[in-house]
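For reference, the structure is listed below as structure tokens.
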Amino acid sequence: MDIPITEARNPITTTIDVASPDDIVKKLHECDREIFNGWNQYKGLFHPETISTIRQISVVAVDILKKPDGVIVLSGCGTSGRIAFLIARNFNEVLRNSGREECFRYLIAGRDKALFTSQEAPEDDPQCGIEMLKEATTGRNRVLFIGITCGLSAPFVAGQLCHCMENINIYTPVLLGFNPCNLARNIKIEKWDKTFLQVVRLLENEVAENKAYILNPVVGPEQITGSSRMKSGTATKILLETIFVSCIKATENIPSNIEAHLKSYQDLCEVVYKETSSISKLVQLAGDSLKAGGSISYIGWDSLGVMGMIDASECPPTYGASLSDIRGFVDSGYKLLNNQEGDLSPMGKYYRISIEEFQSDVLPSLKESDLVILLMKDESCAVADILSNSTCKKACICFNSEEKIQQDRLDCIVSVDLYSLTTEPLGDQHYKSWAQLYKELSTKWILNAVTTGAHILKGKVYQNIMVDLKVSNNKLFFRAVGIIQNFSNLSKDVCQEYLLKSIYMTDDLSEDLKSLQVKDYIVKATSMEKVVPTALVAAILKCKIDDARKLLSQHHVIRTAISDILNNRPM
Ligand code: F1P
């Protein structure tokens with residue numbers, strides 16, 4: 001079976017686990033360039049078909065904005081749902097600022113708490129997706145629905161696409177992702193009668209009649225295998241913004257050039273990575289903190305704070321990080337977020353997200369091993385003052401303003417010079433909003449480098465594979481099986497058995513256990529530690545689960561554990 005591109009290994013990063021911070025950032029850059037330059041023979045971002053699809057979706061969006069009962073729904077799981085939230089929030093603000101009615105809605109599997117903490121179980125539930133879509137569109141007669149699933153795989157989105165097709169007179173469905181259609185997931189969806197691939201095939205019939213769209217340029221494999229928060233998340237943001245900037249302009253009779261707009265993001269990528277040396281310094285600081293058992297806190301203004309929260313939220317499922325390792329805080333908290341469910345802070349410590357809460361909950365206990373990164377709207381942000389009595393490390397990411405920042409108080413400054421960006425002329429009334437989009441993406445690239453680099457330095461990655469991932473949804477379950485297969489050369493079935501043995505901590509799998517559904521395995525595995533490394537070691541050494549656990553416990557660092565075991569395995 002062909003491996004989907006979003007799950008494939010990127011040859012550029014095979015040795016990223018032993019690279020210096022500077023080389024890590026250079027490799028990330030090289031991979032990010034593939035977003036624009038394309039990958040192998042596949043249709044990329046600048047392919048005429050991609051540009052034509054963007055244009056057509058934008059035309060539908062213009063039509064929806066003109067209808068009194070029209071709504072644009074952006075939906076996804078994990079990072080895809082968080083980007084949906086961010087885009088809906090930003091473009092509602094643009095509409096509001098020009099006196100128009102807000103008509104963007106976001107849906108995220110697991111609802112608003114999934115904006116900050118990963119809630120992967122609902123991602124596997126098509127029915128849940130349908131119910132949420134119905135709820136968001138009751139009484140509406142025209143809906144543009146954009147279902148985002150980078151891997152063309154999420155059951156939550158599959159259900160919604162089917163609902164749209166069953167009500168095609170109301171909905172125009174769009175599938176947004178980064179695999180060619182034939183590589184959509186073809187694994188049975190639990191409690192559902194279709195695979196994702198079958199849904200794509202049905203959608204293709206609607207596409208042929210211009211009643212639906214599939215926007216799926218290929219951007220190449222992720223830097224860390226399967227980590228679709230990175231390149232795919234970036235490409236999601238770029239594509240949605242391109243569609244809606246063009247749409248807003250059209251409603252104001254301003255011409256737009258889709259290709260030029262895409263090109264401006266390509267230029268931005270170079271402008272951001274021009275700062276490779278300061279970004280790698282920040283990666284080093286972040287790695288030092290994590291290695292010393294310290295934490296990383298992002299404090300941000302405006303939507304840059306949201307970017308920080310999005311980056312932080314992905315670390316537990318991707319790197320098995322704890323919720324305290326990396327946290328995001330944002331000026332004005334939920335008031336700024338403007339999320340559907342409002343203030344979630346009563347739900348607990350990790351939902352307390354304002355700067356005041358950072359000051360009361362986190363700041364007093366910060367030590368030298370902790371790092372705080374300020375995501376600055378402009379140089380007037382005065383948090384450096386708040387931090388001045390703390391011994392923690394302090395850094396900031398800023399735009400066009402390095403010389404105005406009091407450098408002596410900070411351990412690292414990454415300053416991105418947006419003036420050097422030659423963009424499509426955006427000189428309309430929304431200029432500030434559009435400039436903010438570039439700041440957000442710059443922040444995303446830098447923070448993705450910080451958390452990816454820091455976890456690499458902490459030894460969480462082996463080659464370019466995150467072996468200690470959480471087995472918290474169906475996609476991740478089968479990714480784990482694939483990882484074990486990759487290093488052990490055993491059959492898929494045997495690898496799955498090792499994974500189950502590790503989940504149930506037994507060497508004898510009963511028939512009852514074997515006959516459970518994947519969703520049952522996930523429930524058990526989600527709260528467990530080192531499930532995949534244990535299964536991997538047991539599979540490589542063909543040893544008992546208990547022995548594999550003991551062996552792993554002798555190593556502090558997962559990367560060295562796996563490389564030692566692989567190098568010394570019996571032939
Ligand atoms: C959705 C997602 C990812 C997350 C993890 C689990 O993926 O939540 O955002 O990083 O891999 O799946 P997709 O549906 O966009 O492919």
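Following the order of the structure tokens, chains are lettered A, B, ..., residues in each are numbered from 1, and ligands are numbered from 1.
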
Distance query region 39-52 of chain A at most 9 Å, only C-alpha atoms, self and fewer than 6 positions along chain excluded, as a list in words: Pro180, Leu215, Asn216, Pro217, Val218, Val219, Gly220, Pro221, Ala235, Leu239, Ile258, Glu259, Leu262 and Lys263 of chain A

Could you pull out the residues sitting within 6 Å of ligand 1, using only C-alpha atoms and all ligand atoms, and write them as a compact mmCIF listing (two decimals) with all heavy atoms, in the first residue's frame?
```
# COMPACT_ATOMS: atom_id res chain seq x y z
N CYS A 77 -10.00 18.95 12.77
CA CYS A 77 -9.58 18.34 14.04
C CYS A 77 -8.17 18.84 14.37
O CYS A 77 -7.37 19.08 13.47
CB CYS A 77 -9.52 16.83 13.92
SG CYS A 77 -10.99 16.10 13.20
N GLY A 78 -7.86 18.91 15.66
CA GLY A 78 -6.51 19.28 16.07
C GLY A 78 -6.09 20.60 15.44
O GLY A 78 -6.85 21.57 15.41
N THR A 79 -4.87 20.62 14.90
CA THR A 79 -4.36 21.86 14.30
C THR A 79 -5.30 22.38 13.22
O THR A 79 -5.50 23.60 13.10
CB THR A 79 -2.96 21.61 13.70
OG1 THR A 79 -2.10 21.21 14.75
CG2 THR A 79 -2.40 22.86 13.06
N SER A 80 -5.88 21.49 12.44
CA SER A 80 -6.77 21.96 11.36
C SER A 80 -7.96 22.72 11.94
O SER A 80 -8.37 23.74 11.39
CB SER A 80 -7.26 20.76 10.54
OG SER A 80 -6.16 20.07 10.00
N THR A 149 -8.73 18.39 6.51
CA THR A 149 -8.05 17.25 7.11
C THR A 149 -6.79 17.00 6.29
O THR A 149 -6.86 16.54 5.15
CB THR A 149 -8.97 16.01 7.25
OG1 THR A 149 -8.16 14.88 7.58
CG2 THR A 149 -9.80 15.70 6.02
N CYS A 150 -5.67 17.37 6.88
CA CYS A 150 -4.40 17.39 6.12
C CYS A 150 -4.15 16.03 5.48
O CYS A 150 -3.73 15.95 4.34
CB CYS A 150 -3.26 17.77 7.05
SG CYS A 150 -3.52 19.39 7.76
N GLY A 151 -4.42 14.97 6.23
CA GLY A 151 -4.12 13.63 5.73
C GLY A 151 -5.25 13.04 4.90
O GLY A 151 -5.19 11.87 4.53
N SER A 153 -8.15 12.20 6.04
CA SER A 153 -8.30 11.03 6.89
C SER A 153 -9.30 11.16 8.04
O SER A 153 -9.77 10.14 8.54
CB SER A 153 -6.93 10.68 7.49
OG SER A 153 -6.41 11.80 8.18
N ALA A 154 -9.65 12.38 8.48
CA ALA A 154 -10.40 12.49 9.74
C ALA A 154 -11.87 12.08 9.58
O ALA A 154 -12.62 12.71 8.81
CB ALA A 154 -10.31 13.92 10.27
N SER A 227 3.83 14.93 11.32
CA SER A 227 3.48 16.07 12.17
C SER A 227 2.83 17.17 11.32
O SER A 227 3.45 18.19 10.98
CB SER A 227 4.74 16.58 12.87
OG SER A 227 4.43 17.66 13.70
N SER A 228 1.55 16.95 11.01
CA SER A 228 0.90 17.82 10.02
C SER A 228 0.61 19.22 10.57
O SER A 228 0.12 20.08 9.85
CB SER A 228 -0.38 17.16 9.51
OG SER A 228 -1.18 16.82 10.62
N ARG A 229 0.92 19.45 11.84
CA ARG A 229 0.79 20.82 12.35
C ARG A 229 1.78 21.74 11.64
O ARG A 229 1.60 22.95 11.61
CB ARG A 229 1.08 20.85 13.85
CG ARG A 229 2.56 20.71 14.19
CD ARG A 229 2.79 20.63 15.67
NE ARG A 229 4.20 20.73 16.02
CZ ARG A 229 4.73 21.70 16.77
NH1 ARG A 229 3.95 22.65 17.22
NH2 ARG A 229 6.00 21.70 17.07
```

Near-Ile545 (chain A) list (9 Å; only C-alpha atoms; drop same-chain fewer than 6 positions) as number ranges by chain: A: 498, 501-502, 505-507, 534-535, 537-538

Distance criterion (only C-alpha atoms): nearest to Lys66 (chain A) out of A:Thr526, A:Thr452, A:Thr251, A:Thr391: A:Thr251

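Look at Ala8 (chain A): the protein and nucleic acid residues within 8 Å of it, using only C-alpha atoms and passing over chain neighbours fewer than 4 places away, are Ile3, Pro4, Pro221, Glu222, Thr225 and Gly226 of chain A.
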
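You can rank A:Val94, A:Met307, A:Cys396, A:Val174 by their closest distance to Trp445 (chain A) using only C-alpha atoms, and at the top of that list sits A:Met307.
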